[in-house]
$ cat run.txt   # compact mmCIF, C-alpha atoms and all ligand atoms
# COMPACT_ATOMS: atom_id res chain seq x y z
CA MET O 89 0.00 0.00 0.00
CA ASP O 90 1.23 3.50 -0.73
CA ASN O 91 0.98 6.43 1.65
CA THR O 92 -2.29 7.76 0.23
CA GLN O 93 -3.95 4.39 0.67
CA HIS O 94 -2.66 4.23 4.24
CA GLU O 95 -3.99 7.72 4.94
CA ASN O 96 -7.37 6.89 3.41
CA GLY O 97 -7.60 3.75 5.55
CA PHE O 98 -6.76 5.74 8.67
CA GLU O 99 -9.32 8.44 7.86
CA ALA O 100 -11.98 5.81 7.13
CA LYS O 101 -11.40 4.23 10.53
CA LEU O 102 -11.71 7.61 12.25
CA ALA O 103 -14.88 8.41 10.30
CA SER O 104 -16.52 5.12 11.30
CA ASN O 105 -15.28 5.35 14.91
CA THR O 106 -13.25 2.16 14.52
CA SER O 107 -10.41 2.34 17.00
CA ILE O 108 -6.83 2.66 15.80
CA GLU O 109 -4.74 -0.22 17.16
CA PRO O 110 -0.97 -0.42 17.77
CA LYS O 111 -0.17 -2.37 14.58
CA ASP O 112 -2.34 -0.15 12.36
CA TRP O 113 -0.74 2.46 10.14
CA MET O 114 -1.02 5.96 11.69
CA PRO O 115 0.38 9.38 10.76
CA GLU O 116 3.61 10.16 12.59
CA ASN O 117 2.11 13.31 14.15
CA TYR O 118 -0.86 11.31 15.49
CA ARG O 119 1.62 8.93 17.15
CA LYS O 120 3.63 11.81 18.62
CA HIS O 121 0.50 13.61 19.83
CA LEU O 122 -0.66 10.47 21.62
CA ILE O 123 2.71 9.78 23.21
CA ARG O 124 2.74 13.36 24.51
CA GLN O 125 -0.78 13.27 25.90
CA ILE O 126 -0.79 9.71 27.29
CA SER O 127 2.62 10.11 28.94
CA GLN O 128 1.67 13.46 30.49
CA HIS O 129 -1.46 11.78 31.75
CA ALA O 130 0.56 8.86 33.21
CA HIS O 131 3.00 11.24 34.89
CA SER O 132 0.04 13.15 36.37
CA GLU O 133 -1.26 9.98 37.97
CA ILE O 134 2.14 9.14 39.45
CA ILE O 135 2.96 12.66 40.69
CA GLY O 136 -0.67 12.93 41.86
CA MET O 137 0.09 10.25 44.46
CA LEU O 138 2.41 12.64 46.32
CA PRO O 139 0.12 15.39 47.67
CA GLU O 140 -2.32 12.76 48.96
CA GLY O 141 0.31 10.28 50.12
CA ASN O 142 1.43 13.13 52.34
CA TRP O 143 -1.74 12.61 54.45
CA ILE O 144 -1.82 8.80 54.78
CA THR O 145 -0.09 8.83 58.17
CA ARG O 146 -2.25 11.72 59.38
CA ALA O 147 -5.72 10.63 58.23
CA PRO O 148 -8.14 11.24 61.11
CA SER O 149 -9.35 7.62 61.52
CA LEU O 150 -8.43 4.09 60.52
CA ARG O 151 -11.29 4.04 58.00
CA ARG O 152 -10.10 7.28 56.41
CA LYS O 153 -6.54 5.94 56.31
CA MET O 154 -7.61 2.72 54.55
CA VAL O 155 -9.69 4.60 51.99
CA LEU O 156 -6.92 7.09 51.25
CA LEU O 157 -4.34 4.32 50.96
CA ALA O 158 -6.55 2.50 48.46
CA LYS O 159 -7.10 5.70 46.47
CA VAL O 160 -3.38 6.46 46.25
CA GLN O 161 -2.74 2.87 45.14
CA ASP O 162 -5.41 3.25 42.45
CA GLU O 163 -3.58 6.31 41.09
CA GLY O 164 -0.35 4.28 40.88
CA GLY O 165 -2.29 1.63 38.93
CA HIS O 166 -3.66 4.27 36.54
CA GLY O 167 -0.13 5.47 35.86
CA LEU O 168 0.94 1.91 35.02
CA TYR O 169 -1.95 1.25 32.60
CA LEU O 170 -1.19 4.54 30.88
CA TYR O 171 2.56 3.90 30.60
CA SER O 172 1.68 0.53 29.05
CA ALA O 173 -0.67 2.23 26.58
CA ALA O 174 2.07 4.74 25.66
CA GLU O 175 4.60 1.90 25.18
CA THR O 176 2.39 0.39 22.45
CA LEU O 177 3.25 3.51 20.40
CA GLY O 178 6.92 2.57 20.30
CA ILE O 179 8.49 4.42 23.23
CA SER O 180 10.09 2.62 26.16
CA ARG O 181 9.12 2.94 29.82
CA ASP O 182 12.68 4.04 30.62
CA GLU O 183 12.47 6.91 28.13
CA LEU O 184 9.11 8.01 29.53
CA LEU O 185 10.37 7.94 33.11
CA ASP O 186 13.53 9.73 32.13
CA GLN O 187 11.47 12.54 30.59
CA LEU O 188 9.56 12.87 33.87
CA HIS O 189 12.59 12.71 36.13
CA THR O 190 14.61 15.26 34.18
CA GLY O 191 11.69 17.72 34.14
CA LYS O 192 11.37 17.49 30.34
CA ALA O 193 7.83 16.12 30.46
CA LYS O 194 4.82 17.96 31.77
CA TYR O 195 2.35 16.61 34.32
CA SER O 196 -0.88 18.21 35.52
CA SER O 197 -0.37 21.68 37.00
CA ILE O 198 -2.69 20.86 39.89
CA PHE O 199 -0.20 18.62 41.66
CA ASN O 200 2.17 21.49 42.24
CA TYR O 201 -0.05 22.90 44.99
CA PRO O 202 0.39 21.86 48.63
CA THR O 203 -2.12 19.84 50.70
CA LEU O 204 -2.08 21.89 53.90
CA THR O 205 -4.98 20.42 55.90
CA TRP O 206 -7.15 17.29 55.99
CA ALA O 207 -9.86 19.25 54.15
CA ASP O 208 -7.46 19.49 51.21
CA ILE O 209 -7.78 15.73 50.81
CA GLY O 210 -11.54 16.22 50.53
CA ALA O 211 -11.11 19.08 48.07
CA VAL O 212 -8.64 17.09 45.95
CA GLY O 213 -11.02 14.13 45.72
CA TRP O 214 -14.07 16.26 45.05
CA LEU O 215 -12.60 18.87 42.69
CA VAL O 216 -9.40 17.39 41.24
CA ASP O 217 -10.74 13.90 40.66
CA GLY O 218 -14.05 15.51 39.65
CA ALA O 219 -12.29 17.59 36.98
CA ALA O 220 -10.25 14.57 35.93
CA ILE O 221 -13.38 12.46 35.34
CA MET O 222 -15.09 15.28 33.47
CA ASN O 223 -12.13 15.21 31.10
CA GLN O 224 -11.66 11.46 31.06
CA VAL O 225 -15.18 10.22 30.35
CA MET O 226 -14.74 11.40 26.75
CA LEU O 227 -11.34 9.67 26.61
CA GLN O 228 -13.09 6.29 26.93
CA ARG O 229 -14.11 6.99 23.31
CA THR O 230 -10.72 8.32 22.21
CA SER O 231 -9.65 7.01 18.82
CA TYR O 232 -6.59 5.04 20.02
CA GLY O 233 -7.74 1.63 21.30
CA PRO O 234 -5.25 0.96 24.14
CA TYR O 235 -5.81 4.46 25.60
CA ALA O 236 -9.61 4.16 25.38
CA ARG O 237 -9.60 0.75 27.09
CA ALA O 238 -7.30 1.95 29.90
CA MET O 239 -9.69 4.84 30.49
CA VAL O 240 -12.70 2.60 31.14
CA ARG O 241 -11.30 1.23 34.38
CA ILE O 242 -9.67 4.53 35.32
CA CYS O 243 -13.00 6.35 35.06
CA LYS O 244 -14.74 3.82 37.31
CA GLU O 245 -12.08 4.32 39.98
CA GLU O 246 -11.94 8.11 39.61
CA SER O 247 -15.67 8.24 40.11
CA PHE O 248 -15.25 6.53 43.50
CA HIS O 249 -12.43 8.95 44.32
CA GLN O 250 -14.63 11.94 43.57
CA ARG O 251 -17.34 10.65 45.87
CA GLN O 252 -14.96 9.93 48.74
CA GLY O 253 -13.62 13.49 48.46
CA TYR O 254 -17.09 14.98 48.42
CA GLU O 255 -18.05 12.89 51.44
CA ILE O 256 -15.06 14.25 53.39
CA MET O 257 -16.15 17.80 52.50
CA MET O 258 -19.76 17.05 53.42
CA VAL O 259 -18.77 15.73 56.86
CA LEU O 260 -16.51 18.74 57.52
CA ALA O 261 -19.13 21.21 56.29
CA ARG O 262 -21.66 19.74 58.72
CA GLY O 263 -19.14 19.64 61.57
CA THR O 264 -17.96 22.34 63.98
CA ALA O 265 -17.50 25.95 62.86
CA GLU O 266 -13.74 25.34 62.62
CA GLN O 267 -14.25 22.25 60.46
CA LYS O 268 -16.59 24.09 58.13
CA GLU O 269 -14.08 26.93 57.89
CA MET O 270 -11.34 24.44 57.04
CA ALA O 271 -13.51 22.99 54.24
CA GLN O 272 -14.25 26.48 52.87
CA ASP O 273 -10.57 27.41 52.99
CA ALA O 274 -9.67 24.26 51.02
CA LEU O 275 -12.36 25.06 48.43
CA ASN O 276 -11.01 28.63 48.16
CA ARG O 277 -7.49 27.40 47.45
CA TRP O 278 -8.34 24.48 45.10
CA TRP O 279 -11.15 26.01 43.01
CA TRP O 280 -9.13 28.04 40.52
CA PRO O 281 -6.29 25.52 40.07
CA SER O 282 -9.00 22.88 39.39
CA LEU O 283 -10.43 25.02 36.57
CA MET O 284 -6.91 25.33 35.16
CA MET O 285 -6.64 21.53 34.92
CA PHE O 286 -8.68 21.64 31.70
CA GLY O 287 -5.88 23.52 29.99
CA PRO O 288 -5.72 26.98 28.41
CA PRO O 289 -8.76 28.60 26.76
CA ASP O 290 -9.58 27.05 23.37
CA GLU O 291 -8.18 29.95 21.37
CA LYS O 292 -4.84 29.56 23.18
CA SER O 293 -4.68 25.75 22.99
CA PRO O 294 -2.24 24.69 20.26
CA ASN O 295 -3.11 20.99 20.44
CA THR O 296 -6.90 21.04 20.45
CA ALA O 297 -7.46 21.35 16.67
CA ASN O 298 -5.51 18.18 15.88
CA ALA O 299 -6.88 16.38 18.93
CA ILE O 300 -10.46 16.99 17.77
CA LYS O 301 -9.65 16.22 14.12
CA TRP O 302 -8.12 12.87 15.13
CA LYS O 303 -10.87 12.17 17.68
CA ILE O 304 -8.32 11.98 20.48
CA LYS O 305 -10.28 14.61 22.40
CA ARG O 306 -14.01 14.70 21.73
CA GLU O 307 -14.61 18.01 23.49
CA SER O 308 -12.58 21.16 23.94
CA ASN O 309 -10.93 22.52 27.10
CA ASP O 310 -13.56 25.27 27.48
CA GLN O 311 -16.53 22.95 26.91
CA LEU O 312 -15.31 20.61 29.64
CA ARG O 313 -14.47 23.45 32.02
CA GLN O 314 -18.01 24.83 31.59
CA ARG O 315 -19.55 21.42 32.28
CA PHE O 316 -17.40 21.04 35.40
CA VAL O 317 -18.57 24.41 36.76
CA ASN O 318 -22.22 23.58 36.01
CA GLN O 319 -21.92 20.27 37.84
CA THR O 320 -19.89 21.45 40.82
CA VAL O 321 -21.65 24.67 41.86
CA PRO O 322 -24.86 22.89 43.02
CA GLN O 323 -22.71 20.36 44.90
CA ALA O 324 -21.05 23.20 46.82
CA GLU O 325 -24.44 24.80 47.53
CA LEU O 326 -25.84 21.51 48.83
CA ILE O 327 -23.23 21.34 51.57
CA GLY O 328 -23.32 25.06 52.34
CA LEU O 329 -19.95 26.06 50.87
CA THR O 330 -19.33 29.08 48.66
CA ILE O 331 -17.47 29.01 45.35
CA PRO O 332 -14.81 31.77 45.56
CA ASP O 333 -15.84 33.58 42.39
CA LYS O 334 -17.67 36.91 42.53
CA ASP O 335 -18.52 36.64 38.81
CA LEU O 336 -20.31 33.32 39.18
CA LYS O 337 -23.88 33.68 38.00
CA TRP O 338 -26.53 31.40 36.48
CA ASN O 339 -27.17 32.26 32.84
CA GLU O 340 -30.65 31.10 31.91
CA GLU O 341 -30.05 31.60 28.21
CA LYS O 342 -27.09 29.24 27.99
CA LYS O 343 -28.46 27.03 30.79
CA GLY O 344 -25.10 27.20 32.52
CA TYR O 345 -23.05 29.40 34.83
CA ASP O 346 -21.07 32.42 33.77
CA PHE O 347 -17.84 32.44 35.75
CA GLY O 348 -14.65 34.43 36.23
CA THR O 349 -11.36 33.98 34.38
CA PRO O 350 -8.66 31.82 35.96
CA ASP O 351 -5.31 33.52 36.47
CA TRP O 352 -3.61 32.24 33.31
CA ALA O 353 -0.33 33.92 34.27
CA GLU O 354 -0.27 31.73 37.39
CA PHE O 355 -1.06 28.65 35.26
CA ASN O 356 1.80 29.42 32.83
CA ASN O 357 4.14 29.95 35.73
CA VAL O 358 3.22 26.58 37.28
CA ILE O 359 3.62 24.64 34.04
CA ALA O 360 6.95 26.38 33.45
CA GLY O 361 8.17 24.70 36.66
CA ASN O 362 7.74 27.58 39.10
CA GLY O 363 4.66 26.56 41.09
CA PRO O 364 4.69 26.26 44.88
CA CYS O 365 5.70 22.55 44.90
CA ASN O 366 7.24 21.76 41.47
CA LYS O 367 10.73 21.30 42.85
CA GLU O 368 9.61 19.28 45.85
CA ARG O 369 7.49 16.95 43.68
CA LEU O 370 10.32 16.21 41.23
CA ASP O 371 12.87 15.75 44.03
CA THR O 372 10.57 13.32 45.85
CA ARG O 373 9.84 11.39 42.67
CA ASN O 374 13.53 11.15 41.77
CA ARG O 375 14.44 10.03 45.28
CA ALA O 376 11.76 7.30 45.20
CA HIS O 377 13.01 6.12 41.80
CA ASN O 378 16.64 5.99 42.98
CA ASN O 379 15.68 4.21 46.18
CA GLY O 380 13.88 1.58 44.11
CA GLN O 381 16.97 0.81 42.04
CA TRP O 382 17.86 -2.30 44.08
CA VAL O 383 14.33 -3.71 43.63
CA ARG O 384 14.54 -3.33 39.86
CA GLN O 385 18.01 -4.92 39.83
CA ALA O 386 16.85 -7.85 42.01
CA ALA O 387 13.77 -8.42 39.81
CA ALA O 388 15.90 -8.36 36.64
CA ALA O 389 18.45 -10.79 38.16
CA TYR O 390 15.64 -13.13 39.24
CA ALA O 391 14.02 -13.01 35.79
CA GLU O 392 17.37 -13.77 34.16
CA LYS O 393 17.89 -16.75 36.44
CA GLN O 394 14.40 -18.09 35.69
CA ASN O 395 14.98 -17.70 31.95
CA LYS O 396 18.27 -19.63 32.18
CA GLN O 397 16.54 -22.44 34.08
CA VAL O 398 13.78 -22.63 31.44
CA ALA O 399 16.37 -22.65 28.63
CA ALA O 400 18.49 -25.41 30.31
N1 LIG O 501 -1.18 21.06 33.48
C1 LIG O 501 -0.01 21.00 32.84
N2 LIG O 501 0.11 21.23 31.52
C2 LIG O 501 -1.01 21.54 30.84
C3 LIG O 501 -2.27 21.60 31.45
C4 LIG O 501 -2.33 21.35 32.83
N3 LIG O 501 -3.48 21.42 33.51
N4 LIG O 501 -3.17 21.95 30.52
C5 LIG O 501 -2.51 22.10 29.37
N5 LIG O 501 -1.21 21.87 29.57
C6 LIG O 501 -0.14 21.95 28.59
C7 LIG O 501 -0.36 20.94 27.50
O1 LIG O 501 0.20 19.70 27.86
C8 LIG O 501 0.36 21.60 26.34
O2 LIG O 501 1.76 21.45 26.49
P1 LIG O 501 2.68 20.70 25.37
O3 LIG O 501 2.18 21.14 24.04
O4 LIG O 501 4.06 21.14 25.71
O5 LIG O 501 2.48 19.25 25.57
C9 LIG O 501 0.07 23.07 26.57
O6 LIG O 501 -0.22 23.21 27.95
C10 LIG O 501 -1.09 23.60 25.74
O7 LIG O 501 -2.30 22.93 26.12
P2 LIG O 501 -3.32 22.28 25.08
O8 LIG O 501 -4.70 22.62 25.51
O9 LIG O 501 -2.97 22.63 23.68
O10 LIG O 501 -3.00 20.74 25.31
P3 LIG O 501 -3.97 19.47 25.22
O11 LIG O 501 -4.85 19.55 24.02
O12 LIG O 501 -3.11 18.27 25.36
O13 LIG O 501 -4.93 19.62 26.48
C11 LIG O 501 -5.23 18.40 28.54
C12 LIG O 501 -4.47 19.51 27.80
C13 LIG O 501 -6.69 18.82 28.69
C14 LIG O 501 -4.60 18.22 29.91
C15 LIG O 501 -5.13 17.10 27.69
O14 LIG O 501 -3.79 16.77 27.46
C16 LIG O 501 -5.81 15.91 28.28
O15 LIG O 501 -7.03 15.76 28.19
N6 LIG O 501 -5.02 14.98 28.86
C17 LIG O 501 -5.52 13.72 29.36
C18 LIG O 501 -6.04 13.88 30.74
C19 LIG O 501 -4.96 14.28 31.70
O16 LIG O 501 -3.80 14.34 31.41
N7 LIG O 501 -5.37 14.54 32.92
C20 LIG O 501 -4.46 14.90 33.95
C21 LIG O 501 -5.34 15.28 35.08
S1 LIG O 501 -4.84 14.64 36.56
C22 LIG O 501 -5.24 13.02 36.63
O17 LIG O 501 -5.78 12.49 35.72
C23 LIG O 501 -4.89 12.32 37.86
C24 LIG O 501 -6.10 11.96 38.66
O18 LIG O 501 -5.69 11.09 39.65
C25 LIG O 501 -6.76 13.11 39.31
$ encode --input "run.txt" --output "C-alpha cells"
Amino acid sequence: MDNTQHENGFEAKLASNTSIEPKDWMPENYRKHLIRQISQHAHSEIIGMLPEGNWITRAPSLRRKMVLLAKVQDEGGHGLYLYSAAETLGISRDELLDQLHTGKAKYSSIFNYPTLTWADIGAVGWLVDGAAIMNQVMLQRTSYGPYARAMVRICKEESFHQRQGYEIMMVLARGTAEQKEMAQDALNRWWWPSLMMFGPPDEKSPNTANAIKWKIKRESNDQLRQRFVNQTVPQAELIGLTIPDKDLKWNEEKKGYDFGTPDWAEFNNVIAGNGPCNKERLDTRNRAHNNGQWVRQAAAAYAEKQNKQVAA
C-alpha cells in the first residue's frame, strides 16, 4: 500500500469510529501527539500520588486511612496502565520515566499545589478527581484503542475517588464551625487551580485542533471546564460552601453558569516549573526512583535466572 492508501484507511477508521490499534498504520504526528498526551497523563497519575500520600499517616481515623491508601494505590495503577498504553506507540518505559525525572515532560499543574490540611484531601477528591473524570469520560471513546480501554477502568475508579472526596467535605461542612471553615478554605485554594486543569482557553490551545480532528479529544478545554462548573456549583451549595468567584452567576439563556477567568499567568508559571511545589514533587519522585533501584536490579536478576533455568 502506498501512503495515500494508508492515509485513506486511517481516515476511514476515524470516520466510522473504529479504533486505531498499535499495529495499524497511523500518521507520525498522530503517534507523537498520543505519546505526549498519554505520557503526560501517566505522569500526572504518578505525581498525583504525592500530595495525597502526604496525608496517609495523618488521616483522622483508621477508616479514612484505609480509603486514602486504596485511592493512592489506584492512582499508581492508573499510571501503570497509561505507561503501558504509551509503550504500544513505540516508546520505552525508561524513556518516559527519564522525561519525567529530568523535568522534560509535563504533568498536571494541579499537583504542584500543597495539601495543607485534611480538608485538602476532601477538596482534591471532590474537585481534582471531579475535573479529571469530566475530562476522562470522553477519553473512553478516544480514537486510540489501548488508551480508550485503559480509560474505562480509570473512570470507574476516579468516580469513587470523587465521591470519597465529596463525602469528606460534606462531613466537615456539617461539623464544627472550625471544620466548616477548614472545608471552605480548602475550596477557596483548590477552586481556581482545578479550573486550570482543563488547559488553556480554546483559542490559546495549540493541540486542540488536531486532537479533535483525530478524535483523540471529543470536546474542547472550554466545553469541559463549563460542564465542570455547572456540575460542581450545586454540589457546593448543597453542603453550604461558597465558590470563591464573585462573577459566578446562572445564565438562563445558555443554561449554565457564567464564571470568572482563571489567572492564566499563574497557570503558565506553574507549568513552566515555578509553582509552589514543582521542585519538591520532582525531588521526591527522583528520590523514590533511585531508592527503588535495588528492587529493579533484584527483579531483573531473578528473571534472568528463571529464563536460564527454562532454557536449560
Ligand atoms: N497542566 C499541565 N500542563 C497543561 C495543562 C495542565 N493542567 N493543561 C494544558 N497543559 C499543557 C499541554 O500539555 C500543552 O503542552 P505541550 O504542548 O508542551 O504538551 C500546553 O499546555 C497547551 O495545552 P493544550 O490545551 O494545547 O494541550 P492538550 O490539548 O493536550 O490539552 C489536557 C491539555 C486537557 C490536559 C489534555 O492533554 C488531556 O485531556 N489529557 C488527558 C487527561 C490528563 O492528562 N489529565 C491529567 C489530570 S490529573 C489526573 O488524571 C490524575 C487523577 O488522579 C486526578
$ closest_atom_pairs --input "run.txt" --of "chain O" --to "ligand LIG 501 (chain O)" --cutoff "7 Å" --atoms "all atoms listed in the file" --output "JSON lines"
{"residue": "O:Arg124", "atom": "CA", "partner": "O:LIG501", "partner_atom": "O5", "distance": 6.0}
{"residue": "O:Gln125", "atom": "CA", "partner": "O:LIG501", "partner_atom": "O14", "distance": 4.9}
{"residue": "O:Ile126", "atom": "CA", "partner": "O:LIG501", "partner_atom": "C17", "distance": 6.5}
{"residue": "O:Gln128", "atom": "CA", "partner": "O:LIG501", "partner_atom": "O16", "distance": 5.6}
{"residue": "O:His129", "atom": "CA", "partner": "O:LIG501", "partner_atom": "O16", "distance": 3.5}
{"residue": "O:Ser132", "atom": "CA", "partner": "O:LIG501", "partner_atom": "S1", "distance": 5.1}
{"residue": "O:Glu133", "atom": "CA", "partner": "O:LIG501", "partner_atom": "C23", "distance": 4.3}
{"residue": "O:Gly136", "atom": "CA", "partner": "O:LIG501", "partner_atom": "O18", "distance": 5.8}
{"residue": "O:Glu163", "atom": "CA", "partner": "O:LIG501", "partner_atom": "O18", "distance": 5.4}
{"residue": "O:Lys194", "atom": "CA", "partner": "O:LIG501", "partner_atom": "N2", "distance": 5.7}
{"residue": "O:Tyr195", "atom": "CA", "partner": "O:LIG501", "partner_atom": "C1", "distance": 5.2}
{"residue": "O:Ser196", "atom": "CA", "partner": "O:LIG501", "partner_atom": "N1", "distance": 3.5}
{"residue": "O:Ser197", "atom": "CA", "partner": "O:LIG501", "partner_atom": "N1", "distance": 3.7}
{"residue": "O:Ile198", "atom": "CA", "partner": "O:LIG501", "partner_atom": "N3", "distance": 6.5}
{"residue": "O:Val216", "atom": "CA", "partner": "O:LIG501", "partner_atom": "C25", "distance": 5.4}
{"residue": "O:Asp217", "atom": "CA", "partner": "O:LIG501", "partner_atom": "C25", "distance": 4.3}
{"residue": "O:Ala220", "atom": "CA", "partner": "O:LIG501", "partner_atom": "O17", "distance": 4.9}
{"residue": "O:Asn223", "atom": "CA", "partner": "O:LIG501", "partner_atom": "O15", "distance": 5.9}
{"residue": "O:Gln224", "atom": "CA", "partner": "O:LIG501", "partner_atom": "C18", "distance": 6.1}
{"residue": "O:Glu246", "atom": "CA", "partner": "O:LIG501", "partner_atom": "O18", "distance": 6.9}
{"residue": "O:Met284", "atom": "CA", "partner": "O:LIG501", "partner_atom": "N3", "distance": 5.5}
{"residue": "O:Met285", "atom": "CA", "partner": "O:LIG501", "partner_atom": "N3", "distance": 3.5}
{"residue": "O:Phe286", "atom": "CA", "partner": "O:LIG501", "partner_atom": "C13", "distance": 4.6}
{"residue": "O:Gly287", "atom": "CA", "partner": "O:LIG501", "partner_atom": "N4", "distance": 3.2}
{"residue": "O:Pro288", "atom": "CA", "partner": "O:LIG501", "partner_atom": "O8", "distance": 5.3}
{"residue": "O:Asp290", "atom": "CA", "partner": "O:LIG501", "partner_atom": "O8", "distance": 6.9}
{"residue": "O:Ser293", "atom": "CA", "partner": "O:LIG501", "partner_atom": "O9", "distance": 3.6}
{"residue": "O:Pro294", "atom": "CA", "partner": "O:LIG501", "partner_atom": "O9", "distance": 4.1}
{"residue": "O:Asn295", "atom": "CA", "partner": "O:LIG501", "partner_atom": "O9", "distance": 3.6}
{"residue": "O:Thr296", "atom": "CA", "partner": "O:LIG501", "partner_atom": "O11", "distance": 4.4}
{"residue": "O:Ala299", "atom": "CA", "partner": "O:LIG501", "partner_atom": "O11", "distance": 6.3}
{"residue": "O:Lys305", "atom": "CA", "partner": "O:LIG501", "partner_atom": "O15", "distance": 6.7}
{"residue": "O:Asn309", "atom": "CA", "partner": "O:LIG501", "partner_atom": "C13", "distance": 5.8}
{"residue": "O:Ile359", "atom": "CA", "partner": "O:LIG501", "partner_atom": "C1", "distance": 5.3}
$ closest_residue --input "run.txt" --among "O:Ile256, O:Leu336, O:Met89, O:Met114" --to "O:Leu156" --atoms "all atoms listed in the file"
O:Ile256
$ residues_around --input "run.txt" --residues "O:Gly233" --least-positions-apart "2" --cutoff "12 Å" --atoms "only C-alpha atoms" --output "PyMOL selection string"
chain O and resi 101-102+105-112+122+170+173-174+176-177+227-231+235-240+303-304
$ closest_residue --input "run.txt" --among "O:Ser172, O:Gln250, O:Asn374, O:Thr203" --to "O:Glu140" --atoms "only C-alpha atoms"
O:Thr203
$ closest_residue --input "run.txt" --among "O:Gln323, O:Asp182, O:His166, O:Gly263" --to "O:Lys244" --atoms "only C-alpha atoms"
O:His166
$ atom_distance --input "run.txt" --atom1 "atom CA of O:Asn91" --atom2 "atom CA of O:Arg119"
15.7 Å
$ closest_residue --input "run.txt" --among "O:Ala211, O:Ile221, O:Lys192, O:Asn298" --to "O:Asn117" --atoms "all atoms listed in the file"
O:Asn298
$ closest_residue --input "run.txt" --among "O:Val317, O:Met258, O:Met270, O:Ile300" --to "O:Leu283" --atoms "only C-alpha atoms"
O:Val317
$ closest_residue --input "run.txt" --among "O:Gly344, O:Gly218, O:Pro148, O:Pro202" --to "O:Ala274" --atoms "only C-alpha atoms"
O:Pro202
$ atom_distance --input "run.txt" --atom1 "atom CA of O:Ile144" --atom2 "atom CA of O:Thr320"
26.1 Å
$ atom_distance --input "run.txt" --atom1 "atom CA of O:Cys365" --atom2 "atom CA of O:Asn379"
20.9 Å
$ residues_around --input "run.txt" --residues "O:Gly191" --least-positions-apart "3" --cutoff "9 Å" --atoms "all atoms listed in the file" --output "list in words"
Asp186, Gln187, Leu188, Lys194, Gly361 and Leu370 of chain O
$ residues_near_point --input "run.txt" --point "(-16.3, 9.8, 47.3)" --cutoff "10 Å" --atoms "only C-alpha atoms" --output "number ranges by chain"
O: 155, 210, 213-214, 217-218, 246-257
